[in-house]
file final.txt (compact mmCIF, C-alpha atoms and all ligand atoms)
# COMPACT_ATOMS: atom_id res chain seq x y z
CA MET Y 182 1.85 -30.09 5.01
CA ASP Y 183 3.62 -30.34 1.63
CA ARG Y 184 1.55 -28.14 -0.69
CA SER Y 185 3.49 -29.00 -3.87
CA ALA Y 186 0.64 -31.04 -5.36
CA PHE Y 187 -1.84 -28.27 -4.57
CA ASP Y 188 0.40 -25.70 -6.27
CA ILE Y 189 0.74 -27.89 -9.38
CA LEU Y 190 -3.02 -28.46 -9.55
CA SER Y 191 -3.63 -24.72 -9.13
CA ARG Y 192 -1.54 -24.13 -12.24
CA THR Y 193 -3.24 -27.04 -14.04
CA TYR Y 194 -6.73 -25.65 -13.34
CA PRO Y 195 -6.21 -21.87 -13.35
CA GLN Y 196 -9.83 -20.88 -13.97
CA GLU Y 197 -12.57 -20.50 -11.42
CA ILE Y 198 -15.47 -22.63 -12.61
CA SER Y 199 -19.02 -22.69 -11.34
CA PHE Y 200 -20.93 -25.76 -12.46
CA LEU Y 201 -24.33 -24.57 -11.24
CA LYS Y 202 -25.79 -21.68 -13.22
CA GLU Y 203 -27.42 -19.76 -10.39
CA ASP Y 204 -26.33 -16.69 -8.44
CA GLU Y 205 -29.47 -15.59 -6.60
CA PRO Y 206 -29.00 -16.86 -2.99
CA PHE Y 207 -32.13 -19.02 -2.57
CA ARG Y 208 -31.92 -20.44 -6.09
CA PHE Y 209 -28.24 -21.28 -5.66
CA LEU Y 210 -28.85 -23.01 -2.32
CA ALA Y 211 -31.76 -24.97 -3.79
CA SER Y 212 -29.66 -25.94 -6.83
CA VAL Y 213 -26.84 -27.28 -4.65
CA MET Y 214 -29.37 -29.30 -2.67
CA LEU Y 215 -30.82 -30.70 -5.91
CA SER Y 216 -27.34 -31.62 -7.19
CA ALA Y 217 -26.77 -34.35 -4.58
CA GLN Y 218 -26.09 -37.69 -6.33
CA THR Y 219 -26.82 -36.00 -9.67
CA ARG Y 220 -24.78 -34.26 -12.34
CA ASP Y 221 -24.80 -30.46 -12.19
CA ASP Y 222 -25.80 -30.15 -15.85
CA TYR Y 223 -28.97 -32.16 -15.12
CA VAL Y 224 -29.81 -29.65 -12.37
CA ASN Y 225 -29.13 -26.74 -14.73
CA ALA Y 226 -31.55 -28.34 -17.19
CA VAL Y 227 -34.50 -28.44 -14.77
CA THR Y 228 -34.13 -25.27 -12.70
CA PRO Y 229 -35.26 -22.77 -15.40
CA GLU Y 230 -38.68 -24.47 -15.49
CA LEU Y 231 -38.78 -24.62 -11.70
CA TRP Y 232 -38.15 -20.87 -11.35
CA ARG Y 233 -40.51 -20.07 -14.21
CA CYS Y 234 -43.34 -21.83 -12.37
CA TYR Y 235 -42.31 -20.77 -8.85
CA PRO Y 236 -40.24 -17.57 -8.93
CA THR Y 237 -40.02 -17.01 -5.16
CA PRO Y 238 -39.58 -19.18 -2.04
CA GLU Y 239 -43.16 -18.29 -1.12
CA ASP Y 240 -44.43 -19.59 -4.48
CA LEU Y 241 -42.41 -22.80 -4.17
CA SER Y 242 -43.48 -23.45 -0.59
CA GLY Y 243 -47.11 -23.29 -1.74
CA ALA Y 244 -46.60 -25.64 -4.71
CA ARG Y 245 -48.13 -29.10 -4.82
CA LEU Y 246 -45.53 -31.78 -4.14
CA GLU Y 247 -46.47 -33.73 -7.25
CA ASP Y 248 -45.99 -30.63 -9.42
CA ILE Y 249 -42.45 -30.15 -8.07
CA GLU Y 250 -41.77 -33.86 -8.61
CA ARG Y 251 -42.92 -33.59 -12.22
CA ILE Y 252 -40.43 -30.80 -12.90
CA ILE Y 253 -37.43 -32.42 -11.20
CA HIS Y 254 -38.20 -36.09 -11.92
CA SER Y 255 -35.07 -36.50 -14.10
CA LEU Y 256 -32.90 -35.99 -11.02
CA GLY Y 257 -31.90 -38.81 -8.71
CA PHE Y 258 -33.95 -39.14 -5.49
CA TYR Y 259 -36.46 -36.66 -6.90
CA ARG Y 260 -39.23 -37.51 -4.41
CA ALA Y 261 -37.05 -36.80 -1.37
CA LYS Y 262 -35.59 -33.73 -3.08
CA ALA Y 263 -39.06 -32.38 -3.86
CA ARG Y 264 -40.05 -32.76 -0.20
CA ASN Y 265 -36.85 -31.05 0.97
CA LEU Y 266 -37.16 -28.32 -1.63
CA LYS Y 267 -40.70 -27.44 -0.59
CA ALA Y 268 -39.71 -27.48 3.09
CA LEU Y 269 -36.58 -25.42 2.38
CA ALA Y 270 -38.63 -22.85 0.48
CA GLY Y 271 -41.12 -22.67 3.35
CA GLU Y 272 -38.39 -22.05 5.91
CA VAL Y 273 -36.63 -19.41 3.80
CA ALA Y 274 -40.00 -17.71 3.18
CA ARG Y 275 -40.67 -17.73 6.93
CA LEU Y 276 -37.23 -16.29 7.73
CA GLY Y 277 -37.46 -13.76 4.91
CA ARG Y 278 -33.89 -14.55 3.76
CA VAL Y 279 -31.34 -17.30 3.40
CA PRO Y 280 -29.33 -17.40 6.64
CA ASP Y 281 -25.65 -16.49 6.51
CA THR Y 282 -23.99 -18.68 9.13
CA MET Y 283 -23.08 -22.36 9.06
CA GLU Y 284 -25.06 -22.98 12.26
CA GLU Y 285 -28.26 -21.60 10.74
CA LEU Y 286 -27.72 -23.03 7.26
CA VAL Y 287 -27.43 -26.64 8.46
CA ARG Y 288 -30.73 -26.26 10.32
CA LEU Y 289 -32.53 -25.76 7.01
CA PRO Y 290 -34.32 -28.80 5.54
CA GLY Y 291 -32.06 -30.85 3.25
CA VAL Y 292 -28.97 -28.70 3.90
CA GLY Y 293 -25.84 -30.45 5.18
CA ARG Y 294 -22.32 -29.10 5.64
CA LYS Y 295 -21.34 -29.63 2.01
CA THR Y 296 -24.32 -27.65 0.72
CA ALA Y 297 -23.76 -24.97 3.37
CA ASN Y 298 -20.06 -24.69 2.50
CA CYS Y 299 -20.91 -24.33 -1.20
CA TYR Y 300 -23.26 -21.50 -0.30
CA ILE Y 301 -20.74 -19.81 2.02
CA ASN Y 302 -18.09 -19.98 -0.68
CA HIS Y 303 -20.16 -19.05 -3.74
CA VAL Y 304 -22.70 -16.58 -2.38
CA LEU Y 305 -21.06 -15.14 0.74
CA LYS Y 306 -17.56 -15.22 -0.83
CA GLU Y 307 -16.05 -16.56 2.37
CA PRO Y 308 -13.46 -19.34 2.72
CA ALA Y 309 -14.96 -22.84 2.82
CA VAL Y 310 -13.75 -26.42 2.44
CA ILE Y 311 -16.26 -28.17 0.19
CA VAL Y 312 -16.03 -31.91 0.73
CA ASP Y 313 -17.65 -34.08 -1.89
CA THR Y 314 -16.75 -37.55 -3.11
CA HIS Y 315 -14.16 -36.25 -5.64
CA PHE Y 316 -12.49 -33.98 -3.09
CA SER Y 317 -12.27 -36.71 -0.43
CA ARG Y 318 -10.81 -39.28 -2.80
CA VAL Y 319 -8.13 -36.98 -4.22
CA ALA Y 320 -7.27 -35.53 -0.80
CA ARG Y 321 -6.69 -39.04 0.56
CA ARG Y 322 -4.61 -40.12 -2.41
CA LEU Y 323 -2.41 -37.03 -2.09
CA GLY Y 324 -1.97 -37.58 1.64
CA TYR Y 325 -3.88 -34.45 2.66
CA THR Y 326 -6.20 -36.47 4.89
CA ASP Y 327 -6.53 -40.02 6.17
CA ALA Y 328 -10.21 -39.64 7.08
CA THR Y 329 -13.20 -41.07 5.27
CA ASP Y 330 -15.95 -39.25 7.16
CA PRO Y 331 -16.67 -35.97 5.29
CA GLY Y 332 -16.80 -33.95 8.51
CA GLU Y 333 -13.37 -35.26 9.58
CA VAL Y 334 -11.93 -34.63 6.11
CA GLU Y 335 -13.15 -31.04 6.33
CA MET Y 336 -11.66 -30.49 9.79
CA GLN Y 337 -8.28 -32.01 8.84
CA ILE Y 338 -8.04 -29.83 5.74
CA ARG Y 339 -9.06 -26.75 7.71
CA SER Y 340 -6.29 -27.37 10.22
CA SER Y 341 -3.63 -28.19 7.57
CA PHE Y 342 -4.15 -25.30 5.16
CA PRO Y 343 -4.67 -21.55 5.75
CA ASP Y 344 -8.21 -20.38 5.13
CA SER Y 345 -7.00 -18.41 2.12
CA ASP Y 346 -6.40 -21.79 0.40
CA TRP Y 347 -9.69 -23.52 1.27
CA SER Y 348 -11.89 -22.46 -1.62
CA ARG Y 349 -9.20 -22.89 -4.26
CA LEU Y 350 -8.19 -26.28 -2.85
CA SER Y 351 -11.84 -27.37 -2.91
CA MET Y 352 -12.12 -26.45 -6.56
CA VAL Y 353 -8.89 -27.94 -7.89
CA LEU Y 354 -9.19 -31.25 -6.04
CA ASN Y 355 -12.77 -31.57 -7.24
CA LEU Y 356 -11.75 -30.81 -10.84
CA HIS Y 357 -8.83 -33.23 -10.66
CA GLY Y 358 -11.13 -35.96 -9.38
CA ARG Y 359 -13.52 -35.38 -12.26
CA LYS Y 360 -10.84 -35.16 -14.94
CA TYR Y 361 -8.07 -37.64 -14.06
CA CYS Y 362 -8.35 -39.10 -10.59
CA HIS Y 363 -11.43 -41.26 -11.11
CA ALA Y 364 -12.56 -43.63 -8.39
CA ARG Y 365 -11.83 -46.55 -10.73
CA ASN Y 366 -9.04 -46.52 -13.29
CA PRO Y 367 -7.50 -43.13 -12.48
CA GLU Y 368 -5.29 -41.80 -15.26
CA CYS Y 369 -2.06 -41.92 -13.27
CA GLY Y 370 0.14 -42.14 -16.38
CA ILE Y 371 -0.74 -38.57 -17.41
CA CYS Y 372 -1.46 -37.16 -13.95
CA PRO Y 373 0.47 -33.95 -13.21
CA VAL Y 374 0.80 -34.78 -9.50
CA ARG Y 375 1.71 -38.47 -9.75
CA ASP Y 376 5.08 -37.83 -8.04
CA TYR Y 377 3.21 -36.70 -4.91
CA CYS Y 378 0.58 -39.43 -4.85
CA ARG Y 379 0.33 -42.34 -2.43
CA SER Y 380 -1.93 -44.34 -4.75
CA ARG Y 381 -0.54 -44.05 -8.26
S1 LIG R 1 -1.39 -40.38 -9.62
FE1 LIG R 1 -3.36 -41.38 -10.07
S2 LIG R 1 -4.34 -41.77 -8.07
FE2 LIG R 1 -2.69 -40.27 -7.76
S3 LIG R 1 -3.69 -38.24 -7.91
FE3 LIG R 1 -2.92 -38.75 -9.94
S4 LIG R 1 -4.66 -39.76 -11.01
FE4 LIG R 1 -5.09 -39.76 -8.78
call {"tool": "encode", "arguments": {"input": "final.txt", "output": "C-alpha cells"}}
result
Amino acid sequence: MDRSAFDILSRTYPQEISFLKEDEPFRFLASVMLSAQTRDDYVNAVTPELWRCYPTPEDLSGARLEDIERIIHSLGFYRAKARNLKALAGEVARLGRVPDTMEELVRLPGVGRKTANCYINHVLKEPAVIVDTHFSRVARRLGYTDATDPGEVEMQIRSSFPDSDWSRLSMVLNLHGRKYCHARNPECGICPVRDYCRSR
C-alpha cells in the first residue's frame, strides 16, 4: 500500500482533535451514539443539560422517554436516539461499567462498530479504524479501499496498514473529508493529495 497520501495528510493535519467534548466513559459512548447523522457541535450543545438532569446511567435509565426527547429534540432521529439512550443507560447500569471489548460493546443498544471503535480509540486508547461517511469516501478516492460496506472498508484498512496507523489514519481522512474532499464539489484544485487521487 502506497502511504504517501497518508503521510502528506498527517503533516497537513498535525493536531489530534476531538469533536465531542466528553471524556467520562459512559458519557462519551452516549455522545458518539447521539452524533449519528448529526453534527458533533449539536451534540455538544445538548449533553450538558442531559448530564445535569441525569448525572449517572442509573438516573438516565429511570428517566421518562419524553423528558429525554425534550432535551435532545434538536438532534436528528431524536425519538430513536432517546429510546436507545435510555436502553443503553439501563444496560450500563446493570453491568456496572461500560464494557471494554468490541464483542461486548456492539451488544449494547444503539452501539455499532463505528461507535465502538470511537470508544476503543478515545477512551481505551487502543488502535481502531473508525469508518464514517467521510473516511469511506476519502479512502476510496485515494485507493485505500474499493469497498462501500463500512465493515469491509474497516477490514481492508486493517489489513493494509499497521495497527499503529489506524487511529491517525481515521482522524486525518475524516478531517480531509470535512475540509476539502466533500461528497459533492471536492476542492481538488487546492487538495494536498491530488497527485495520489483516483477521483480528482
Ligand atoms: S483530489 Fe479531490 S477527490 Fe481527490 S482526495 Fe483531493 S479533494 Fe478528494
call {"tool": "residues_around", "arguments": {"input": "final.txt", "residues": "range 314-330 of chain Y", "least_positions_apart": "6", "cutoff": "12 Å", "atoms": "all atoms listed in the file", "output": "VMD selection string"}}
result
chain Y and resid 182 to 187 190 217 to 218 295 336 to 342 347 to 365 367 369 372 to 381
call {"tool": "closest_residue", "arguments": {"input": "final.txt", "among": "Y:Ile189, Y:Arg251, Y:Glu230, Y:Lys267", "to": "ligand LIG 1 (chain R)", "atoms": "only C-alpha atoms and all ligand atoms"}}
result
Y:Ile189
call {"tool": "residues_near_point", "arguments": {"input": "final.txt", "point": "(-35.7, -25.2, -3.2)", "cutoff": "7 Å", "atoms": "only C-alpha atoms", "output": "list in words"}}
result
Arg208, Ala211, Leu266, Lys267, Leu269 and Ala270 of chain Y
call {"tool": "closest_residue", "arguments": {"input": "final.txt", "among": "Y:Ala268, Y:Leu276, Y:Asn225, Y:Tyr194", "to": "Ser255 in chain Y", "atoms": "all atoms listed in the file"}}
result
Y:Asn225
call {"tool": "atom_distance", "arguments": {"input": "final.txt", "atom1": "CA of Asn298 in chain Y", "atom2": "CA of Asp281 in chain Y"}}
result
10.7 Å
call {"tool": "atom_distance", "arguments": {"input": "final.txt", "atom1": "CA of Asp346 in chain Y", "atom2": "CA of Ala309 in chain Y"}}
result
9.0 Å
call {"tool": "atom_distance", "arguments": {"input": "final.txt", "atom1": "CA of Glu368 in chain Y", "atom2": "atom S3 of ligand LIG 1 (chain R)"}}
result
8.3 Å
call {"tool": "closest_residue", "arguments": {"input": "final.txt", "among": "Y:Gly243, Y:Val213, Y:Gly291, Y:Ile252", "to": "Ala226 in chain Y", "atoms": "all atoms listed in the file"}}
result
Y:Ile252
call {"tool": "closest_residue", "arguments": {"input": "final.txt", "among": "Y:Val304, Y:Leu215, Y:Ala297, Y:Ile249", "to": "Arg233 in chain Y", "atoms": "all atoms listed in the file"}}
result
Y:Ile249
call {"tool": "residues_around", "arguments": {"input": "final.txt", "residues": "Gly293 in chain Y", "least_positions_apart": "2", "cutoff": "12 Å", "atoms": "all atoms listed in the file", "output": "list in words"}}
result
Leu210, Val213, Met214, Ala217, Asn265, Met283, Glu284, Glu285, Leu286, Val287, Arg288, Leu289, Pro290, Gly291, Lys295, Thr296, Ala297, Asn298, Cys299, Tyr300, Ile311, Val312, Asp313, Pro331 and Gly332 of chain Y
call {"tool": "axis_aligned_box", "arguments": {"input": "final.txt", "around": "range 348-353 of chain Y", "padding_each_side": "5 Å", "output": "AutoDock Vina command-line options"}}
result
--center_x -10.2 --center_y -25.2 --center_z -4.8 --size_x 13.9 --size_y 15.5 --size_z 16.3
call {"tool": "closest_residue", "arguments": {"input": "final.txt", "among": "Y:Gly370, Y:Glu333, Y:Tyr259, Y:Gly271", "to": "ligand LIG 1 (chain R)", "atoms": "only C-alpha atoms and all ligand atoms"}}
result
Y:Gly370
call {"tool": "decode", "arguments": {"input": "final.txt", "residues": "range 187-221 of chain Y", "atoms": "N, CA and C atoms", "output": "compact mmCIF listing (two decimals), in the first residue's frame"}}
result
# COMPACT_ATOMS: atom_id res chain seq x y z
N PHE Y 187 -1.28 9.37 2.87
CA PHE Y 187 -1.48 9.37 4.33
C PHE Y 187 -0.40 10.23 5.00
N ASP Y 188 0.83 10.08 4.57
CA ASP Y 188 1.92 10.86 5.18
C ASP Y 188 1.71 12.36 4.94
N ILE Y 189 1.27 12.72 3.74
CA ILE Y 189 1.03 14.15 3.45
C ILE Y 189 -0.12 14.67 4.31
N LEU Y 190 -1.18 13.89 4.42
CA LEU Y 190 -2.33 14.33 5.23
C LEU Y 190 -1.95 14.41 6.71
N SER Y 191 -1.06 13.53 7.16
CA SER Y 191 -0.61 13.60 8.56
C SER Y 191 0.12 14.90 8.83
N ARG Y 192 0.87 15.37 7.83
CA ARG Y 192 1.55 16.67 8.02
C ARG Y 192 0.57 17.82 7.86
N THR Y 193 -0.47 17.63 7.03
CA THR Y 193 -1.47 18.69 6.82
C THR Y 193 -2.32 18.89 8.07
N TYR Y 194 -2.62 17.79 8.76
CA TYR Y 194 -3.48 17.85 9.95
C TYR Y 194 -2.68 17.31 11.14
N PRO Y 195 -1.72 18.09 11.65
CA PRO Y 195 -0.82 17.55 12.68
C PRO Y 195 -1.46 17.37 14.04
N GLN Y 196 -2.55 18.11 14.31
CA GLN Y 196 -3.12 18.06 15.66
C GLN Y 196 -4.08 16.90 15.84
N GLU Y 197 -4.15 16.39 17.04
CA GLU Y 197 -5.21 15.46 17.41
C GLU Y 197 -6.42 16.28 17.83
N ILE Y 198 -7.55 16.01 17.22
CA ILE Y 198 -8.75 16.80 17.52
C ILE Y 198 -9.85 15.87 17.99
N SER Y 199 -10.50 16.25 19.07
CA SER Y 199 -11.70 15.51 19.49
C SER Y 199 -12.89 16.44 19.32
N PHE Y 200 -13.86 16.01 18.53
CA PHE Y 200 -15.00 16.87 18.25
C PHE Y 200 -16.04 16.81 19.36
N LEU Y 201 -16.11 15.68 20.06
CA LEU Y 201 -17.08 15.53 21.14
C LEU Y 201 -16.41 15.88 22.47
N LYS Y 202 -17.07 16.72 23.24
CA LYS Y 202 -16.45 17.26 24.46
C LYS Y 202 -16.81 16.41 25.68
N GLU Y 203 -16.50 15.15 25.62
CA GLU Y 203 -16.75 14.26 26.77
C GLU Y 203 -15.55 13.34 26.95
N ASP Y 204 -15.20 13.03 28.18
CA ASP Y 204 -14.14 12.07 28.44
C ASP Y 204 -14.59 10.93 29.35
N GLU Y 205 -15.60 11.19 30.17
CA GLU Y 205 -16.09 10.12 31.05
C GLU Y 205 -16.65 8.99 30.17
N PRO Y 206 -16.31 7.72 30.45
CA PRO Y 206 -16.62 6.64 29.50
C PRO Y 206 -18.09 6.56 29.07
N PHE Y 207 -19.03 6.52 30.02
CA PHE Y 207 -20.43 6.37 29.60
C PHE Y 207 -20.89 7.59 28.81
N ARG Y 208 -20.52 8.76 29.27
CA ARG Y 208 -20.96 9.99 28.59
C ARG Y 208 -20.36 10.08 27.18
N PHE Y 209 -19.10 9.64 27.04
CA PHE Y 209 -18.51 9.66 25.70
C PHE Y 209 -19.24 8.68 24.78
N LEU Y 210 -19.48 7.47 25.26
CA LEU Y 210 -20.18 6.47 24.44
C LEU Y 210 -21.56 6.98 24.04
N ALA Y 211 -22.27 7.55 24.99
CA ALA Y 211 -23.61 8.08 24.70
C ALA Y 211 -23.53 9.23 23.70
N SER Y 212 -22.51 10.07 23.82
CA SER Y 212 -22.37 11.20 22.90
C SER Y 212 -22.09 10.72 21.48
N VAL Y 213 -21.26 9.70 21.34
CA VAL Y 213 -20.99 9.16 19.99
C VAL Y 213 -22.27 8.61 19.40
N MET Y 214 -23.04 7.88 20.23
CA MET Y 214 -24.31 7.34 19.74
C MET Y 214 -25.24 8.47 19.28
N LEU Y 215 -25.28 9.54 20.05
CA LEU Y 215 -26.16 10.67 19.70
C LEU Y 215 -25.69 11.41 18.46
N SER Y 216 -24.41 11.26 18.10
CA SER Y 216 -23.85 12.05 16.99
C SER Y 216 -24.17 11.45 15.62
N ALA Y 217 -24.80 10.29 15.58
CA ALA Y 217 -25.13 9.68 14.28
C ALA Y 217 -26.03 10.61 13.48
N GLN Y 218 -25.68 10.87 12.24
CA GLN Y 218 -26.48 11.71 11.32
C GLN Y 218 -26.67 13.13 11.84
N THR Y 219 -25.79 13.58 12.71
CA THR Y 219 -25.93 14.89 13.34
C THR Y 219 -24.54 15.48 13.54
N ARG Y 220 -24.44 16.80 13.49
CA ARG Y 220 -23.14 17.42 13.72
C ARG Y 220 -22.73 17.31 15.19
N ASP Y 221 -21.41 17.13 15.40
CA ASP Y 221 -20.92 16.96 16.76
C ASP Y 221 -21.19 18.19 17.63
